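Beneath this line is the structure, given in structure tokens, with notes to follow.
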Amino acid sequence: MFLSEAMNQTGTFFHLVPWAVLFPVLGLLINMAFGRRMGEKGVAAVAVTASGLSFVVAVLMWLSLRAQPAGATVPFLSWMTPVHIAWAFRVDTLSVTMMLVVSGVGTLIHLYAVGYMHYDVRYKGDPGRYARFFVFLNLFIAAMMILVTGDSYLMLFVGWEGVGLCSYLLISFWFEYDTKGNLSLANAKAGNKAFIANRIGDFGFLLGMFYMFSVFGTLNFGKVFSEAPTVAQTHPQAILVITLLLLLGVTGKSAQIPLYVWLPDAMAGPTPVSALIHAATMVTAGVYLIARSHVLYDLVPAAQHTVALVGALTALFAATIAVAQNDIKKVLAYSTISQLGFMVAAVGVGAYVAAMFHLIAHAFFKALLFLAAGSVIIALERAHHPLPEEGGHDAHHNDDPPDFDPQDMRFMGGLRKVIPITFWTYLIAGLTLAGIPPLAAFFSKDEIIADTKAAFPLVYWLLVLAAFLTAFYIGRQIFLVFFGKPRSHAAAHAKESPWTMTSVLVVLAALSALGGLLNWPHPYLAEWLGHTLGEVEAAGLNPLVAGTSATIAIVSFLLAWWVYGKRPLQSASQPDPLQRPLGWLFTAMQAKWWVDELYWAVVINPYIALCRIAAAFDVWVIDAIVNDTAWLTDFVGEKIARWQTGFVRNYALSVFVGVLLIFTYLLWR
Amino acid sequence: MDFLMNPLNLMTFFPLVGVAIILLIPRERKDAIRWVAVVTSLVSFFISLWMLSMFHAQNPNFQMVYDKIWMKTGGFEIHYAMGVDGLSILLVLLTTLLTPISIFSAWTAIEDRVKEFTIAFLVMEVGMLGVFLALDLFTFFVFWEFSLVPMYFIIGIWGGPRRTYSAIKFMLYTMVGSVLMLLAILWLGLSQGTFYLPDLLAKGVNLPLHLQSWLFLAFALAFAIKVPMWPLHSWLPDAHVEAPTAGSVILAGVLLKMGTYGFLRFNLSLFPQASVKYAVPIAVLAIIGIIYGAMVAYAQKDFKKLVAYTSVSHLGFVMLGLFALNPLGIEGGILQMINHGLSTGALFLIVGVIYERTHTRDLNAFGGLWKIMPIYGAFSIVVALSSMGLPGLNGFIGEFTILLGAFKSPVLGPVFTIFAATGIILAAVYILVMLQKVFMGPVKEKNLGLKDLNWREITVFAVLTLFIFWIGLHPAPFFNLMGPSVEKLAHGLQAAAVAMH
Amino acid sequence: MVLTNYLLALSAVLFIIGVAGVLVRRNALVIYMAIELMLNAANLAFVAFAAEFGALDGQIAVFFVMTVAAAEVAVGLAILVTIFRTRKSVDIDTLHRLKG
Amino acid sequence: MTFSDFATLLPETALVIWASALLLVDLFIPKNRKGWTAFLAVLGLAAAFGFALAQGRGMGAGFGGMVVSDGFATFLEAMLALSGGLGILLAYDYLKRQGIERGEYYTLLLFSVAGMMLMAKAADLMVLFLAVELLSIPLYVLSAFGRPREAGEEAALKYFLLGAFAAAFLVYGIALTYGATQTTRIAAIAEAVQAGSANLPLLAFGAGLILVGLGFKVAAVPFHMWTPDVYEGAPSPLTGFMAVGAKVAGFAALLRVLVLAFPNLGSQLVPIVWTLALLTMPVGNLAALTQKNIKRMLAYSSIAHAGYMLVAVVAFADAKAAPAAVAAVLFYLAAYALTNFGAWAVVVAVERAEGKGLEIADYAGLGRKHPWLALAMTVFMLSFAGFPPTVGFVGKFYLFRAALAAGYVGLAIVGVLASVVSVYYYMRVVTTMYMREGQAEAYGDAWLKVEVALTALATVFLGIIVAPMFQWAVQAVLKM
């Protein structure tokens with residue numbers, strides 16, 4: 001590799017940034033055209049290479065930025081000429097951070113999926129869809145790269161909707177099944193839900209852009225940010241409205257209240273998708289958007305407060321739901337919503353570095369949690385009905401109940417012995433999530449909580465409470481899944497996943513554990529991002545806050561052990577130990593506070609009814625008026641023809657009447 | 001001879017050469033007839049490319065003008081005049097592109113009276129091109145009215161069970177508006193002493209506002225029915241549902257654009273003050289159309305009807321853009337006309353593909369088709385996404401520009417954009433539900449044996465998809481073609497708006 | 001002058017009687033006679049005006065009208081005869097096959 | 001009475017002499033050779049056509065101002081001579097096919113044409129009356145030509161009685177006009193009004209009655225009721241001829257009388273003509289909607305077309321708009337004539353013995369079995385409905401232009417909306433031909449086919465190359 005030759009005159013690689021998008025696009029085109037002929041290995045090689053090359057580009061950008069921290073803008077192709085917006089890439093420390101996370105974690109997950117999907121397509125009975133999966137995955141990398149490298153809000157929006165599309169395509173990847181593998185429309189509907197919820201958010205984003213364009217005359221980041229202070233003087237309301245509209249977009253993409261409802265259902269997608277899109281990368285786009293727009297948000301405290309409050313409420317709300325779920329992925333899904341709430345709250349109080357820090361850490365540990373969960377699920381699945389190539393001959397020779405669900409934690413238990421690598425990595429990730437020092441999330445979450453304490457006490461208390469619940473539900477999960485006795489045949493006979501999967505788990509576990517080093521003890525990340533975000537925060541380890549949160553985490557985790565670990569469940573049908581003490585509260589949490597039902601009753605069903613009414617109106621009023629006009633014309637014609645009686649004298653009378661009328665008129669005038 | 005040396009005349013009337021040849025071919029030799037039709041329309045397409053190569057994008061005026069006096073009577077002259085400018089060139093290209101595509105797509109779908117079918121299509125092309133190119137009100141009206149006839153036959157002969165009803169409804173409904181427009185044309189010609197558009201534009205229509213308004217309304221009625229704008233749309237679902245696939249493609253792709261083009265070419269250009277006066281009511285109707293069309297589309301059980309109602313919604317966007325009365329809105333409107341032609345044309349082809357295989361359009365009869373027909377599924381998803389305005393595909397470019405135009409419009413404003421933008425959410429709802437019902441979910445047993453696309457269908461979809469991506473990713477060439485003409489038009493409108501206030 | 005007025009009044013009365021005859025009678029022959037009455041009412045008017053103006057052209061017009069009426073009656077009677085041959089009646093109320 | 005007097009009347013004179021001679025010659029033509037009579041009749045019409053054209057822009061007044069040869073008359077005479085020829089072409093094969101071939105058909109037709117031509121030339125109300133009768137009497141006879149078909153006889157009697165009834169109104173109107181102005185000369189009437197020597201109230205009544213008489217001829221509502229019955233009952237070729245000839249002659253007289261005799265009676269007469277137009281268009285079109293018999297449908301449609309033309313006629317009193325209005329009516333008459341002959345030729349071709357094959361439903365499948373015939377019929381229907389590029393469209397264009405130029409916007413709106421209604425029933429024929437399966441048959445000899453082809457081509461050709469004919473019509477406008 002002749003790196004020096006690839007450098008341009010200024011000695012950087014910035015001009016190569018379009019390749020971060022183009023490599024995955026190339027990969028998906030190849031797989032789309034030849035995927036069926038290349039076989040699984042070929043498809044996997046192309047997809048992983050494409051994603052990996054994208055990561056290489058990101059690394060090159062990182063190297064270049066070290067030399068020139070100011071970054072660069074790389075124009076690529078003219079685009080929306082009427083509004084003077086081109087395809088142009090922006091390379092700065094913020095975008096490159098995101099690029100590294102996206103392509104890095106993305107590539108790891110590509111690797112994991114190589115093995116995972118091999119089994120998945122076979123369990124679902126359509127091996128032909130292997131290539132399609134990697135096409136979508138590459139498309140996702142491309143779209144995400146557009147999102148994070150775009151030089152304007154419009155280009156960001158392209159990636160924004162593009163990742164939404166990939167999310168939709170991958171959620172409904174097994175469009176003929178539900179999550180348990182029964183023939184159903186459920187997965188397809190989950191995909192629709194995700195896309196539509198995102199569209200509602202995008203509606204706000206779009207309006208925000210329109211308003212922004214009409215005030216600033218451009219959507220280009222550089223110009224908007226440089227003019228923002230002036231505009232804040234001339235149009236004080238404008239920036240507030242714009243930032244709030246953007247927030248609506250954020251609630252859609254980053255699954256905040258009130259649009260979070262799609263994310264739990266999004267777990268219908270294959271597990272690598274849940275890890276990559278619905279945990280590590282796409283859902284953090286909202287955080288990225290606000291961080292990117294920090295110039296605007298900093299100008300309007302009211303918007304910041306709203307953002308912080310939304311984030312904190314979401315963090316707590318989702319955590320309460322996570323406590324009562326039985327589906328291993330659903331718990332993680334609500335956990336993701338909750339953690340995203342932390343990040344959003346952080347950007348809301350202006351703690352952009354902390355948010356980004358947590359974003360990165362979360363990308364590692366949450367991806368790991370999902371992948372490990374996927375490993376658990378596959379392990380149970382394989383034990384439940386082994387593939388023919390693995391010596392399985394009779395699908396149902398085990399004694400699992402008919403409602404067995406490989407994702408339901410009540411059918412697990414004791415797995416730490418049969419799938420040890422998965423267990424250990426899961427444990428690391430779980431402890432990270434719980435905020436146990438010195439794992440990555442301890443530092444990042446701690447920074448967030450510390451920053452909110454000064455800025456917005458209400459948010460601080462909400463977050464503390466959420467942090468308590470976080471450690472509890474992850475503890476509950478770990479004890480339910482890995483400890484105690486196996487509560488099903490499959491759990492007892494589970495086998496460890498192949499090395500393609502476990503190796504990724506190990507790498508991610510290492511990253512989760514050591515991720516804290518990014519910003520502690522030396523604030524590398526703060527300095528790095530400071531080039532873009534403008535301010536370098538004081539390297540934060542507030543001993544008091546740190547101590548408190550560490551204590552909370554440990555206490556909460558122990559509480560989980562006390563409830564679920566000390567006296568493990570004996571069978572799958574046994575009620576949850578919290579059911580009795582918490583009563584209706586537990587039921588409400590388990591039922592997700594009936595938010596879905598509320599939306600159905602208040603929004604969706606009325607809309608469907610309205611559509612039906614409109615359709616009926618169209619037929620019975622609008623079209624009926626047209627047809628009735630025609631009918632009336634015909635009717636009158638028939639009546640007129642009826643005058644023609646055939647009797648001569650009537651005809652003569654008609655003439656005579658005509659004469660009379662003429663005479664009357666002449667006399668009368 | 002100089003008549004045929006003009007590319008516009010040559011392109012417009014070349015299909016008649018094909019008609020003449022087809023008349024000589026025995027009716028049993030269906031493939032020969034089809035080939036002649038496809039090749040003829042392709043020649044017209046190449047002539048249109050020739051025209052494109054001679055077109056100067058920086059020139060906002062009419063180009064390649066061919067102007068001869070048709071008849072000279074009493075007080076004034078009626079011209080036969082053709083010309084092209086930035087407002088029409090894209091629509092001309094769309095027409096010459098979609099005609100061969102739709103003839104090609106009907107290769108196996110139409111087996112009965114192939115001779116008449118191809119003749120109808122070629123004659124139709126003459127009418128459509130004439131409408132977009134005519135520079136004289138009389139010439140325009142001749143083509144406008146004439147283009148009804150072949151479509152009447154296409155729906156009426158090769159359509160579904162209620163074809164005669166739909167055909168006559170299509171015809172009568174359209175005529176109600178166009179006869180009043182004829183009177184308006186006459187009135188305008190009489191009062192201004194000419195029907196020749198460049199003259200009218202150069203002098204400006206010199207009438208008091210209330211007379212302008214009446215003329216504006218008469219033109220608007222004709223075009224609003226054609227577009228169709230809410231609540232004058234009810235001929236559309238019937239016509240679309242009954243028409244054969246190729247007919248639907250042309251109907252949605254080109255014929256509806258004749259309405260929006262009419263607004264652009266005549267209402268906005270000739271009556272700028274009246275346009276300012278009526279911009280708000282028309283925009284309100286457009287928005288009702290956007291939302292209503294989307295809602296009714298959602299409630300349909302017939303695949304084709306669903307697509308038909310999406311047209312009501314999409315053309316609402318076009319109308320909103322045009323009546324934003326600023327360059328942004330108008331450019332978006334024009335581009336969206338093209339986008340709608342490509343996307344909805346393709347959607348109708350999608351319906352046609354499955355109808356040809358299963359002989360049903362009931363949305364509940366499908367499901368999981370992506371599994372058995374992956375190529376079909378892939379194209380369909382792209383087209384559907386284009387239709388719902390996914391960024392990176394063509395629909396978004398148009399909708400974004402339109403909405404932004406309306407937002408910044410001197411006569412409309414943010415409220416219009418807010419309501420119209422809900423259409424983007426609702427579009428996602430009906431498109432996704434459509435995809436879900438047809439392409440997702442479990443496969444029905446009777447559909448298991450369905451064949452994926454053949455090379456002919458793949459060619460058709462590939463061409464359309466190419467344009468869908470091209471406009472979505474790099475629309476600059478398209479905007480450049482229309483830019484100067486739109487600027488000129490918007491300049492006049494701006495002046496009128498200033499004069500009004 | 002006075003005479004003219006009387007004559008015109010008579011002519012009008014005759015004309016109206018003729019019209020009434022056409023409207024109320026069912027026999028085709030009688031109807032035609034009523035029409036003749038109307039024509040003659042016109043003739044009377046012509047003559048009356050001619051007399052008042054002292055001009056000849058009005059009186060000549062009468063000859064035209066009478067001649068034409070004669071020609072008409074020839075054709076009319078032929079048609080009536082034909083009809084009578086086929087349906088043995090000249091009652092026009094039986095003739096209403098063509099209608100609607 | 002000099003030679004020049006006859007010269008002004010040459011086409012009519014020649015035609016009458018020729019017809020009289022043919023009446024005798026026909027006696028010597030064997031029964032199975034009646035084609036000769038037809039041929040000779042056409043020859044006579046050709047001569048009349050030639051004579052009419054030879055008169056060019058006109059030869060001035062003749063017979064002491066009772067007739068006038070002007071461009072207006074020339075235009076109409078040429079058209080009427082052609083109509084006569086087309087009428088004979090229409091009839092020749094039909095009469096043989098129906099077994100009613102007699103030489104008198106052609107001679108009577110010639111007389112009728114002579115009457116029509118005279119009507120175009122009449123400059124005196126008495127001549128007008130004579131012309132009306134010369135036109136009508138042969139038609140009464142011809143209506144019953146299908147003897148002993150009851151429908152034909154009924155039609156003939158109805159036509160005769162009502163025609164005579166209307167003629168009586170016409171005569172009475174002439175008498176009143178004479179009483180009011182001391183003259184029956186058309187030009188002199190206007191002069192008398194202008195000079196103030198006319199008895200205006202009396203004149204208005206006279207004019208009103210003349211309108212009734214002529215309104216009957218052109219089938220204006222409410223004087224239209226004879227039309228459907230007669231058109232349905234009469235032999236189809238005759239109906240085709242009558243629908244054109246009688247209407248052309250009627251409008252010729254109407255225009256000449258209104259524009260030249262009563263231009264100053266606008267305030268009295270315009271509202272009447274306006275109302276006639278307003279009633280005629282919708283009634284004709286609406287009644288045509290529900291017809292199942294194609295002859296009846298075309299009859300109502302002819303009423304409707306009379307209504308469109310009346311719209312332009314309303315402009316007669318407006319000195320500025322009148323010339324264009326007259327030209328528009330002339331053009332429309334020509335357009336109507338062409339289209340009408342074509343359509344009736346198809347009707348004749350499809351009609352079977354015993355009056356079968358006249359339902360619109362009988363046209364089902366024509367598009368498959370006889371594509372060219374169906375195509376021609378489509379062209380005619382489109383022309384009737386006013387679709388470009390047919391001559392019918394251009395005709396309507398000019399008519400409504402004339403109406404707008406005179407300021408009759410309301411009438412024009414009613415007119416165009418009524419024409420939308422007409423699209424429905426015209427297209428129903430097309431729909432039946434192409435979109436219904438059936439066993440339509442077509443007969444007819446080469447001449448009939450030639451007529452169909454010629455009229456179809458002309459309908460389209462004159463719809464595209466409009467200028468020459470319209471130029472002619474413009475030059476043919478009435479001058480004092």
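Ligands are numbered from 1 in the order shown, residues from 1 within each chain, and chains are lettered A, B, ... in the order they appear in the structure tokens.
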
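Every protein or nucleic acid residue with an atom no more than 12 Å from Trp668 of chain A, counting only C-alpha atoms and leaving out same-chain residues fewer than 5 positions away, appears here: Leu660, Leu661, Ile662 and Phe663 of chain A; Pro201 and Gln268 of chain D.
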
Query raised in the report: Among segment 2-99 of chain C, which ones does DSSP place in alpha helix (DSSP H), written as a ChimeraX atom specification?
Result: /C:2-24,28-53,57-87

Report summary line: Shortest contact to chain A, candidates C:Leu10, C:Ile35, C:Val19, C:Leu77, atoms counted only C-alpha atoms, goes to C:Val19

Query raised in the report: Counting only C-alpha atoms, what is within 10 Å of Phe656 of chain A, bar same-chain residues fewer than 4 positions away, as a PyMOL selection string?
Result: (chain A and resi 650-652+660-662) or (chain C and resi 19-20+23) or (chain D and resi 165-166+169+212+222-223)

Restricting the output to all heavy atoms, write the selected residues as a tab-separated table (two decimals), in the first residue's frame.
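The new file again.tsv reads:
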```tsv
chain	number	residue	atom	x	y	z
A	650	ASN	N	-99.91	16.58	-30.64
A	650	ASN	CA	-99.02	17.10	-29.61
A	650	ASN	C	-97.91	17.92	-30.22
A	650	ASN	O	-97.49	18.94	-29.68
A	650	ASN	CB	-98.39	15.96	-28.81
A	650	ASN	CG	-99.40	15.31	-27.90
A	650	ASN	OD1	-100.57	15.68	-27.94
A	650	ASN	ND2	-98.96	14.36	-27.11
A	651	TYR	N	-97.45	17.42	-31.36
A	651	TYR	CA	-96.35	18.14	-32.02
A	651	TYR	C	-96.83	19.51	-32.47
A	651	TYR	O	-96.14	20.52	-32.30
A	651	TYR	CB	-95.83	17.34	-33.21
A	651	TYR	CG	-95.27	15.98	-32.87
A	651	TYR	CD1	-95.23	15.53	-31.56
A	651	TYR	CD2	-94.74	15.18	-33.85
A	651	TYR	CE1	-94.71	14.28	-31.25
A	651	TYR	CE2	-94.21	13.94	-33.56
A	651	TYR	CZ	-94.20	13.49	-32.26
A	651	TYR	OH	-93.68	12.28	-31.96
A	652	ALA	N	-98.06	19.52	-33.04
A	652	ALA	CA	-98.61	20.79	-33.48
A	652	ALA	C	-98.79	21.72	-32.29
A	652	ALA	O	-98.53	22.92	-32.35
A	652	ALA	CB	-99.94	20.57	-34.20
A	660	LEU	N	-97.26	30.96	-29.20
A	660	LEU	CA	-97.87	31.70	-28.09
A	660	LEU	C	-96.81	32.39	-27.25
A	660	LEU	O	-96.96	33.56	-26.87
A	660	LEU	CB	-98.68	30.75	-27.22
A	660	LEU	CG	-100.12	30.49	-27.63
A	660	LEU	CD1	-100.82	29.67	-26.58
A	660	LEU	CD2	-100.85	31.82	-27.83
A	661	LEU	N	-95.77	31.65	-26.97
A	661	LEU	CA	-94.73	32.24	-26.13
A	661	LEU	C	-94.10	33.45	-26.81
A	661	LEU	O	-93.87	34.49	-26.18
A	661	LEU	CB	-93.66	31.20	-25.81
A	661	LEU	CG	-94.07	30.12	-24.81
A	661	LEU	CD1	-92.99	29.07	-24.66
A	661	LEU	CD2	-94.37	30.76	-23.46
A	662	ILE	N	-93.84	33.28	-28.08
A	662	ILE	CA	-93.24	34.41	-28.80
A	662	ILE	C	-94.18	35.62	-28.75
A	662	ILE	O	-93.76	36.75	-28.47
A	662	ILE	CB	-92.94	34.01	-30.24
A	662	ILE	CG1	-91.79	32.99	-30.29
A	662	ILE	CG2	-92.58	35.22	-31.09
A	662	ILE	CD1	-91.49	32.45	-31.66
C	19	VAL	N	-105.98	27.10	-36.51
C	19	VAL	CA	-105.05	26.49	-35.55
C	19	VAL	C	-105.81	25.55	-34.63
C	19	VAL	O	-105.39	24.40	-34.40
C	19	VAL	CB	-104.34	27.59	-34.74
C	19	VAL	CG1	-103.55	26.97	-33.60
C	19	VAL	CG2	-103.43	28.40	-35.64
C	20	ALA	N	-106.95	26.05	-34.14
C	20	ALA	CA	-107.72	25.21	-33.22
C	20	ALA	C	-108.13	23.92	-33.91
C	20	ALA	O	-108.06	22.83	-33.32
C	20	ALA	CB	-108.94	25.97	-32.74
C	23	LEU	N	-105.40	21.55	-33.90
C	23	LEU	CA	-105.07	21.00	-32.58
C	23	LEU	C	-106.12	20.02	-32.07
C	23	LEU	O	-105.78	19.14	-31.27
C	23	LEU	CB	-104.89	22.14	-31.57
C	23	LEU	CG	-103.69	23.05	-31.83
C	23	LEU	CD1	-103.61	24.14	-30.77
C	23	LEU	CD2	-102.40	22.25	-31.86
D	165	PHE	N	-98.68	23.01	-41.62
D	165	PHE	CA	-99.05	23.83	-40.45
D	165	PHE	C	-98.03	24.96	-40.27
D	165	PHE	O	-98.38	26.13	-40.14
D	165	PHE	CB	-99.08	22.90	-39.23
D	165	PHE	CG	-99.57	23.54	-37.97
D	165	PHE	CD1	-100.83	24.11	-37.89
D	165	PHE	CD2	-98.79	23.53	-36.82
D	165	PHE	CE1	-101.29	24.66	-36.72
D	165	PHE	CE2	-99.24	24.08	-35.64
D	165	PHE	CZ	-100.50	24.65	-35.59
D	166	ALA	N	-96.75	24.58	-40.29
D	166	ALA	CA	-95.70	25.58	-40.09
D	166	ALA	C	-95.69	26.56	-41.25
D	166	ALA	O	-95.49	27.77	-41.06
D	166	ALA	CB	-94.34	24.90	-39.95
D	169	PHE	N	-98.01	29.34	-40.75
D	169	PHE	CA	-97.47	30.40	-39.89
D	169	PHE	C	-96.54	31.30	-40.69
D	169	PHE	O	-96.56	32.53	-40.56
D	169	PHE	CB	-96.74	29.80	-38.70
D	169	PHE	CG	-97.65	29.28	-37.64
D	169	PHE	CD1	-97.84	27.92	-37.48
D	169	PHE	CD2	-98.33	30.15	-36.81
D	169	PHE	CE1	-98.69	27.44	-36.50
D	169	PHE	CE2	-99.18	29.67	-35.83
D	169	PHE	CZ	-99.37	28.30	-35.67
D	212	VAL	N	-90.98	31.27	-36.72
D	212	VAL	CA	-91.58	29.98	-36.43
D	212	VAL	C	-91.48	29.07	-37.65
D	212	VAL	O	-91.05	27.92	-37.56
D	212	VAL	CB	-93.06	30.16	-36.03
D	212	VAL	CG1	-93.75	28.80	-35.92
D	212	VAL	CG2	-93.15	30.92	-34.73
D	222	PRO	N	-89.07	24.98	-29.81
D	222	PRO	CA	-90.01	23.85	-29.70
D	222	PRO	C	-90.69	23.47	-31.02
D	222	PRO	O	-91.78	22.94	-30.99
D	222	PRO	CB	-91.04	24.41	-28.72
D	222	PRO	CG	-91.07	25.87	-29.05
D	222	PRO	CD	-89.74	26.25	-29.57
D	223	PHE	N	-90.07	23.80	-32.14
D	223	PHE	CA	-90.70	23.47	-33.42
D	223	PHE	C	-90.05	22.23	-34.04
D	223	PHE	O	-90.07	22.03	-35.24
D	223	PHE	CB	-90.55	24.66	-34.38
D	223	PHE	CG	-90.84	25.98	-33.73
D	223	PHE	CD1	-89.88	26.97	-33.63
D	223	PHE	CD2	-92.10	26.21	-33.18
D	223	PHE	CE1	-90.15	28.16	-33.00
D	223	PHE	CE2	-92.38	27.41	-32.55
D	223	PHE	CZ	-91.40	28.39	-32.46
```

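In plain terms, chain C touches chain D through Ile35, Met38, Leu39, Ala42, Phe46, Phe49 and Leu98 of chain C, where touching means an atom at most 6 Å away, counting only C-alpha atoms.
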
Create the file for the chosen residues now, containing C-alpha atoms and written as a PDB file, in the first residue's frame.
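File out-v5.pdb, as written:
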```pdb
ATOM      1  CA  ILE C  35    -104.570  24.331 -42.464  1.00  0.00           C
ATOM      2  CA  MET C  38    -105.027  29.254 -41.963  1.00  0.00           C
ATOM      3  CA  LEU C  39    -103.576  29.827 -45.411  1.00  0.00           C
ATOM      4  CA  ALA C  42    -103.212  34.812 -44.564  1.00  0.00           C
ATOM      5  CA  PHE C  46    -102.640  39.984 -47.887  1.00  0.00           C
ATOM      6  CA  PHE C  49    -103.231  45.120 -46.812  1.00  0.00           C
ATOM      7  CA  LEU C  98     -92.780   6.534 -34.164  1.00  0.00           C
TER       8      LEU C  98
END
```

Report task. Using only C-alpha atoms, find which residues of chain A lie within 9 Å of chain C and jot them down as a ChimeraX atom specification. Result -> /A:638,640-650,652-653,656

Write the residues you've just listed into a file as a tab-separated table (two decimals), in the first residue's frame, and include N, CA, C and O atoms for each of them.
```tsv
chain	number	residue	atom	x	y	z
A	638	GLU	N	-84.36	11.19	-20.70
A	638	GLU	CA	-85.46	10.24	-20.87
A	638	GLU	C	-86.81	10.96	-20.79
A	638	GLU	O	-87.72	10.70	-21.57
A	640	ILE	N	-87.37	14.06	-21.46
A	640	ILE	CA	-87.57	14.90	-22.65
A	640	ILE	C	-87.99	14.02	-23.83
A	640	ILE	O	-88.89	14.36	-24.59
A	641	ALA	N	-87.34	12.89	-23.94
A	641	ALA	CA	-87.71	12.00	-25.04
A	641	ALA	C	-89.15	11.53	-24.87
A	641	ALA	O	-89.84	11.26	-25.86
A	642	ARG	N	-89.61	11.44	-23.63
A	642	ARG	CA	-90.98	11.01	-23.37
A	642	ARG	C	-91.99	12.01	-23.93
A	642	ARG	O	-93.11	11.65	-24.24
A	643	TRP	N	-91.59	13.29	-24.02
A	643	TRP	CA	-92.50	14.29	-24.61
A	643	TRP	C	-92.88	13.89	-26.02
A	643	TRP	O	-93.93	14.25	-26.53
A	644	GLN	N	-91.96	13.22	-26.65
A	644	GLN	CA	-92.16	12.85	-28.05
A	644	GLN	C	-93.14	11.69	-28.09
A	644	GLN	O	-92.76	10.54	-28.21
A	645	THR	N	-94.45	12.03	-27.97
A	645	THR	CA	-95.44	10.97	-27.77
A	645	THR	C	-95.78	10.23	-29.03
A	645	THR	O	-96.39	9.17	-28.98
A	646	GLY	N	-95.47	10.79	-30.17
A	646	GLY	CA	-95.85	10.15	-31.41
A	646	GLY	C	-97.15	10.70	-31.96
A	646	GLY	O	-97.53	10.38	-33.09
A	647	PHE	N	-97.88	11.48	-31.18
A	647	PHE	CA	-99.16	12.03	-31.65
A	647	PHE	C	-98.92	13.37	-32.35
A	647	PHE	O	-98.36	14.30	-31.76
A	648	VAL	N	-99.38	13.45	-33.58
A	648	VAL	CA	-99.13	14.64	-34.38
A	648	VAL	C	-99.66	15.88	-33.68
A	648	VAL	O	-99.03	16.94	-33.70
A	649	ARG	N	-100.82	15.71	-33.05
A	649	ARG	CA	-101.45	16.89	-32.48
A	649	ARG	C	-100.61	17.47	-31.34
A	649	ARG	O	-100.60	18.67	-31.12
A	650	ASN	N	-99.91	16.58	-30.64
A	650	ASN	CA	-99.02	17.10	-29.61
A	650	ASN	C	-97.91	17.92	-30.22
A	650	ASN	O	-97.49	18.94	-29.68
A	652	ALA	N	-98.06	19.52	-33.04
A	652	ALA	CA	-98.61	20.79	-33.48
A	652	ALA	C	-98.79	21.72	-32.29
A	652	ALA	O	-98.53	22.92	-32.35
A	653	LEU	N	-99.21	21.12	-31.18
A	653	LEU	CA	-99.39	21.91	-29.98
A	653	LEU	C	-98.07	22.55	-29.55
A	653	LEU	O	-98.02	23.70	-29.15
A	656	PHE	N	-97.48	25.42	-31.59
A	656	PHE	CA	-98.39	26.48	-31.21
A	656	PHE	C	-97.96	27.14	-29.89
A	656	PHE	O	-98.00	28.36	-29.75
```

Could you build a table of the residues in chain A lying no more than 6 Å from chain B, giving for each the nearest pair of atoms and their separation in Å rounded to one decimal place, using only C-alpha atoms, ordered by chain and ascending residue number, as CSV?
```
residue,atom,partner,partner_atom,distance
A:Trp79,CA,B:His474,CA,5.1
A:Thr81,CA,B:Ala476,CA,5.7
A:Val158,CA,B:Pro391,CA,5.0
A:Phe175,CA,B:Met440,CA,5.1
A:Glu176,CA,B:Gly441,CA,3.9
A:Leu183,CA,B:Pro442,CA,5.9
A:Ser184,CA,B:Gly441,CA,6.0
A:Leu185,CA,B:Gly441,CA,4.6
A:Arg199,CA,B:Ile425,CA,5.6
A:Phe210,CA,B:Leu404,CA,5.6
A:Cys611,CA,B:Met295,CA,4.8
A:Arg612,CA,B:Ala299,CA,5.5
A:Ala614,CA,B:Val296,CA,5.7
A:Ala615,CA,B:Val296,CA,4.7
A:Asp623,CA,B:Ser234,CA,5.4
```
